[in-house]
>>> print(open('start.tsv').read())   # TSV, C-alpha atoms (C1' of nucleotides)
chain	number	residue	atom	x	y	z
J	1	MET	CA	2.51	12.29	20.85
J	2	SER	CA	-0.88	11.46	19.39
J	3	LYS	CA	-1.48	8.23	17.60
J	4	HIS	CA	-1.89	8.12	13.87
J	5	TYR	CA	-4.04	5.92	11.71
J	6	TRP	CA	-3.11	4.02	8.58
J	7	LEU	CA	-4.49	1.63	6.02
J	8	PHE	CA	-2.24	-1.16	4.73
J	9	LYS	CA	-3.15	-3.05	1.58
J	10	SER	CA	-2.29	-6.67	0.96
J	11	GLU	CA	-3.39	-9.20	-1.59
J	12	PRO	CA	-4.84	-12.03	0.50
J	13	THR	CA	-3.41	-14.63	-1.86
J	14	ALA	CA	0.02	-13.25	-0.93
J	15	TYR	CA	-0.60	-12.43	2.74
J	16	SER	CA	-4.03	-12.28	4.34
J	17	PHE	CA	-5.33	-10.97	7.65
J	18	ALA	CA	-5.81	-14.61	8.68
J	19	ASP	CA	-2.13	-15.19	7.95
J	20	LEU	CA	-1.28	-12.34	10.30
J	21	MET	CA	-3.52	-13.72	13.03
J	22	ASP	CA	-1.83	-17.12	12.63
J	23	GLU	CA	1.63	-15.67	13.33
J	24	PRO	CA	3.26	-16.10	16.74
J	25	LYS	CA	1.92	-13.17	18.83
J	26	GLN	CA	-0.07	-12.23	15.69
J	27	THR	CA	3.00	-10.21	14.76
J	28	ALA	CA	4.71	-9.85	11.39
J	29	GLU	CA	7.18	-7.71	9.48
J	30	TRP	CA	5.43	-5.53	6.88
J	31	ASP	CA	8.08	-6.16	4.27
J	32	GLY	CA	8.18	-5.87	0.52
J	33	VAL	CA	6.97	-2.26	0.09
J	34	ARG	CA	8.79	-0.91	-2.96
J	35	ASN	CA	7.24	2.50	-3.48
J	36	TYR	CA	8.95	5.67	-2.29
J	37	GLN	CA	5.89	7.42	-0.96
J	38	ALA	CA	4.87	4.38	1.06
J	39	ARG	CA	8.51	3.90	2.12
J	40	ASN	CA	8.59	7.43	3.52
J	41	PHE	CA	5.55	6.72	5.64
J	42	LEU	CA	7.08	3.48	6.93
J	43	ARG	CA	10.48	5.05	7.63
J	44	ASP	CA	9.45	8.44	9.01
J	45	GLU	CA	5.88	8.62	10.15
J	46	ILE	CA	4.43	5.29	11.22
J	47	LYS	CA	5.19	4.81	14.90
J	48	GLU	CA	4.74	2.16	17.55
J	49	GLY	CA	1.22	2.38	18.92
J	50	ASP	CA	-0.32	3.68	15.67
J	51	TYR	CA	-3.40	1.87	14.43
J	52	VAL	CA	-3.75	0.08	11.11
J	53	LEU	CA	-6.70	-1.00	9.01
J	54	PHE	CA	-5.89	-4.21	7.13
J	55	TYR	CA	-7.25	-4.03	3.58
J	56	HIS	CA	-7.52	-6.92	1.12
J	57	SER	CA	-6.86	-5.89	-2.49
J	58	ASN	CA	-7.54	-8.10	-5.49
J	59	ALA	CA	-10.00	-10.01	-3.33
J	60	LYS	CA	-13.66	-10.97	-3.48
J	61	PRO	CA	-14.70	-8.62	-2.20
J	62	THR	CA	-11.97	-6.06	-1.77
J	63	GLY	CA	-12.15	-4.14	1.49
J	64	VAL	CA	-11.10	-3.64	5.09
J	65	VAL	CA	-11.15	-6.89	7.06
J	66	GLY	CA	-9.42	-6.20	10.37
J	67	THR	CA	-7.31	-3.99	12.58
J	68	ALA	CA	-3.71	-4.10	13.74
J	69	VAL	CA	-1.33	-2.03	15.80
J	70	VAL	CA	2.23	-1.00	15.00
J	71	VAL	CA	4.66	-2.68	17.39
J	72	ARG	CA	7.99	-1.57	15.92
J	73	ASN	CA	9.03	1.69	14.28
J	74	GLY	CA	10.45	1.76	10.77
J	75	TYR	CA	13.70	-0.12	10.14
J	76	PRO	CA	15.50	-1.36	7.02
J	77	ASP	CA	13.70	-4.03	5.00
J	78	HIS	CA	16.28	-6.81	4.91
J	79	THR	CA	14.36	-8.74	2.26
J	80	ALA	CA	15.54	-6.11	-0.26
J	81	TRP	CA	19.12	-7.40	-0.21
J	82	ASP	CA	18.13	-11.06	-0.06
J	83	PRO	CA	18.28	-12.29	-3.67
J	84	ASN	CA	15.99	-15.17	-2.75
J	85	SER	CA	13.25	-12.97	-1.31
J	86	GLU	CA	10.08	-12.11	-3.17
J	87	HIS	CA	11.08	-8.48	-3.69
J	88	PRO	CA	14.86	-8.27	-4.06
J	89	ASP	CA	16.44	-4.91	-4.92
J	90	PRO	CA	20.16	-5.14	-5.68
J	91	LYS	CA	20.52	-1.38	-5.18
J	92	SER	CA	19.68	-1.76	-1.48
J	93	SER	CA	22.27	-3.01	1.02
J	94	PRO	CA	22.69	-3.24	4.80
J	95	GLU	CA	25.09	-0.27	4.56
J	96	LYS	CA	22.76	1.78	2.37
J	97	PRO	CA	19.22	0.54	2.85
J	98	ILE	CA	16.59	1.95	0.50
J	99	TRP	CA	13.44	0.25	1.73
J	100	TYR	CA	11.91	0.18	5.18
J	101	MET	CA	9.30	-1.77	7.07
J	102	VAL	CA	7.47	-1.79	10.39
J	103	ASP	CA	6.15	-4.67	12.50
J	104	ILE	CA	2.43	-4.93	13.11
J	105	ARG	CA	0.35	-7.04	15.44
J	106	GLY	CA	-3.12	-8.17	14.40
J	107	GLN	CA	-5.86	-7.09	16.74
J	108	VAL	CA	-9.46	-7.64	15.70
J	109	GLU	CA	-11.20	-9.18	12.72
J	110	LEU	CA	-14.19	-7.06	11.68
J	111	GLU	CA	-17.59	-8.69	11.99
J	112	LYS	CA	-18.06	-7.98	8.31
J	113	THR	CA	-15.74	-6.82	5.55
J	114	VAL	CA	-16.16	-3.13	4.78
J	115	THR	CA	-16.04	-3.31	1.00
J	116	LEU	CA	-14.47	-0.75	-1.29
J	117	ALA	CA	-17.88	-0.28	-2.90
J	118	GLU	CA	-19.47	0.54	0.46
J	119	MET	CA	-16.71	2.98	1.30
J	120	ARG	CA	-17.01	4.63	-2.10
J	121	SER	CA	-20.71	5.22	-1.54
J	122	THR	CA	-20.15	6.72	1.92
J	123	PRO	CA	-20.05	10.53	1.54
J	124	SER	CA	-17.98	11.10	4.69
J	125	LEU	CA	-15.21	8.93	3.20
J	126	GLU	CA	-15.00	10.77	-0.11
J	127	ASN	CA	-11.73	12.49	0.79
J	128	CYS	CA	-10.12	9.27	2.04
J	129	SER	CA	-6.60	8.73	0.75
J	130	ILE	CA	-7.58	5.41	-0.80
J	131	PHE	CA	-9.70	7.36	-3.29
J	132	THR	CA	-7.55	10.43	-3.74
J	133	ARG	CA	-4.31	8.47	-4.17
J	134	PRO	CA	-5.19	5.19	-5.87
J	135	ARG	CA	-2.63	2.38	-6.01
J	136	LEU	CA	-0.66	3.46	-2.97
J	137	SER	CA	-0.25	0.49	-0.62
J	138	VAL	CA	0.17	2.45	2.62
J	139	HIS	CA	-2.32	5.24	3.29
J	140	PRO	CA	-2.66	7.77	6.09
J	141	ILE	CA	-6.26	8.03	7.26
J	142	THR	CA	-7.93	10.33	9.73
J	143	TYR	CA	-9.38	9.31	13.08
J	144	GLU	CA	-12.83	10.12	11.71
J	145	GLU	CA	-12.29	7.76	8.76
J	146	TRP	CA	-10.97	5.06	11.09
J	147	ASP	CA	-14.02	5.40	13.30
J	148	ILE	CA	-16.52	5.37	10.43
J	149	ILE	CA	-14.98	2.29	8.83
J	150	LEU	CA	-14.81	0.38	12.12
J	151	LYS	CA	-18.46	1.09	12.80
J	152	MET	CA	-19.40	-0.02	9.29
J	153	GLY	CA	-17.60	-3.28	10.00
J	154	SER	CA	-19.15	-3.79	13.42
J	155	PRO	CA	-22.94	-3.79	12.95
J	156	LEU	CA	-23.59	-5.53	16.27
J	157	PHE	CA	-21.48	-3.06	18.20
J	158	LYS	CA	-23.19	-0.21	16.42
J	159	THR	CA	-26.67	-1.24	17.57
J	160	ILE	CA	-25.81	-1.54	21.24
A	1	DG	C1'	15.00	18.58	-16.84
A	2	DC	C1'	11.84	16.71	-20.29
A	3	DC	C1'	9.22	13.11	-21.78
A	4	DA	C1'	8.35	8.63	-24.19
A	5	DA	C1'	8.40	3.96	-23.17
A	6	DC	C1'	7.68	0.66	-20.04
A	7	DG	C1'	6.21	-1.66	-15.73
A	8	DT	C1'	3.00	-2.14	-11.85
A	9	DT	C1'	-1.19	-1.83	-9.24
A	10	DG	C1'	-5.52	-3.14	-8.61
A	11	DG	C1'	-10.56	-2.48	-9.74
A	12	DC	C1'	-13.73	-4.46	-12.63
V	1	DG	C1'	-8.01	-10.69	-18.88
V	2	DC	C1'	-8.51	-5.82	-19.69
V	3	DC	C1'	-6.98	-1.46	-19.00
V	4	DA	C1'	-6.71	3.19	-16.51
V	5	DA	C1'	-3.82	5.53	-13.56
V	6	DC	C1'	0.44	6.25	-12.07
V	7	DG	C1'	5.42	5.54	-10.92
V	8	DT	C1'	10.00	4.62	-12.78
V	9	DT	C1'	13.63	4.51	-16.14
V	10	DG	C1'	16.68	6.20	-19.35
V	11	DG	C1'	17.87	8.72	-23.70
V	12	DC	C1'	18.66	13.15	-25.06
>>> encode(input="start.tsv", output="structure tokens")
Amino acid sequence: MSKHYWLFKSEPTAYSFADLMDEPKQTAEWDGVRNYQARNFLRDEIKEGDYVLFYHSNAKPTGVVGTAVVVRNGYPDHTAWDPNSEHPDPKSSPEKPIWYMVDIRGQVELEKTVTLAEMRSTPSLENCSIFTRPRLSVHPITYEEWDIILKMGSPLFKTI
DNA sequence: GCCAACGTTGGC
DNA sequence: GCCAACGTTGGC
């Protein structure tokens, strides 16, 4: 059972990495995903103990800002059948859930944001899912990509 | 099952 | 605010 690596996108005006770190136990439900491909990852593949890069989209600048770890496997997203939630879906119900979420716990804020522009100009990241599948909000990434991005965001660590 | 229209994401 | 790239919807 090897760990897998993921990149989760969030608009910081909606939910930022700082918001996650302000939660009790730095833990939150990753709710509101309403895309089938991302849903499949959340429901079937993302497991407790997997690592997550937290990415800010529609930000200045956009990029990876921190890390998190998955603390609960996929389970039905109850906000879908709450008409007062931000992403209601009347087709989903407790009996027949459509959408899923995991819980994540914030770990470390990067020393510096690894911007999308920096990642785009890094040849070893050219096959990264964020470039090959634009607009997806949950991406699988490789260990190599995880490692490269973390080092880009940790210049002090890198020089030790 | 095809595909046009429409909606959303998200970089710029 | 613009718009490219996709995903979804619904008529046929």
>>> residues_around(input="start.tsv", residues="Ser10 (chain J)", least_positions_apart="2", cutoff="10 Å", atoms="only C-alpha atoms (C1' of nucleotides)", output="list in words")
Leu7, Phe8, Pro12, Thr13, Ala14, Tyr15, Ser16, Phe17, Trp30, Phe54, Tyr55, His56, Ser57, Asn58, Ala59, Ser137 and Val138 of chain J
>>> write_last_selection(input="start.tsv", atoms="C-alpha atoms", output="tab-separated table (two decimals), in the frame of the given file")
chain	number	residue	atom	x	y	z
J	7	LEU	CA	-4.49	1.63	6.02
J	8	PHE	CA	-2.24	-1.16	4.73
J	12	PRO	CA	-4.84	-12.03	0.50
J	13	THR	CA	-3.41	-14.63	-1.86
J	14	ALA	CA	0.02	-13.25	-0.93
J	15	TYR	CA	-0.60	-12.43	2.74
J	16	SER	CA	-4.03	-12.28	4.34
J	17	PHE	CA	-5.33	-10.97	7.65
J	30	TRP	CA	5.43	-5.53	6.88
J	54	PHE	CA	-5.89	-4.21	7.13
J	55	TYR	CA	-7.25	-4.03	3.58
J	56	HIS	CA	-7.52	-6.92	1.12
J	57	SER	CA	-6.86	-5.89	-2.49
J	58	ASN	CA	-7.54	-8.10	-5.49
J	59	ALA	CA	-10.00	-10.01	-3.33
J	137	SER	CA	-0.25	0.49	-0.62
J	138	VAL	CA	0.17	2.45	2.62
>>> atom_distance(input="start.tsv", atom1="CA of Thr142 (chain J)", atom2="CA of Glu45 (chain J)")
13.9 Å
>>> residues_around(input="start.tsv", residues="DC2 (chain V)", least_positions_apart="2", cutoff="12 Å", atoms="all atoms listed in the file", output="list in words")
DG10, DG11 and DC12 of chain A; DA4 of chain V
>>> interface_residues(input="start.tsv", of="chain J", to="chain A", cutoff="12 Å", atoms="all atoms listed in the file", output="PyMOL selection string")
chain J and resi 9-11+34-35+56-63+116-117+130-131+133-137
>>> atom_distance(input="start.tsv", atom1="CA of Glu48 (chain J)", atom2="CA of Met119 (chain J)")
26.9 Å
>>> decode(input="start.tsv", residues="chain A", atoms="C-alpha atoms (C1' of nucleotides)", output="compact mmCIF listing (two decimals), in the first residue's frame")
# COMPACT_ATOMS: atom_id res chain seq x y z
C1' DG A 1 -25.16 8.23 -30.25
C1' DC A 2 -24.32 12.74 -32.32
C1' DC A 3 -23.57 17.34 -31.73
C1' DA A 4 -24.94 22.25 -30.96
C1' DA A 5 -25.73 25.21 -27.28
C1' DC A 6 -24.61 26.45 -22.99
C1' DG A 7 -22.09 26.71 -18.55
C1' DT A 8 -17.79 26.62 -15.90
C1' DT A 9 -12.96 26.99 -14.89
C1' DG A 10 -9.25 29.61 -14.43
C1' DG A 11 -5.16 31.95 -16.65
C1' DC A 12 -4.12 36.27 -18.22
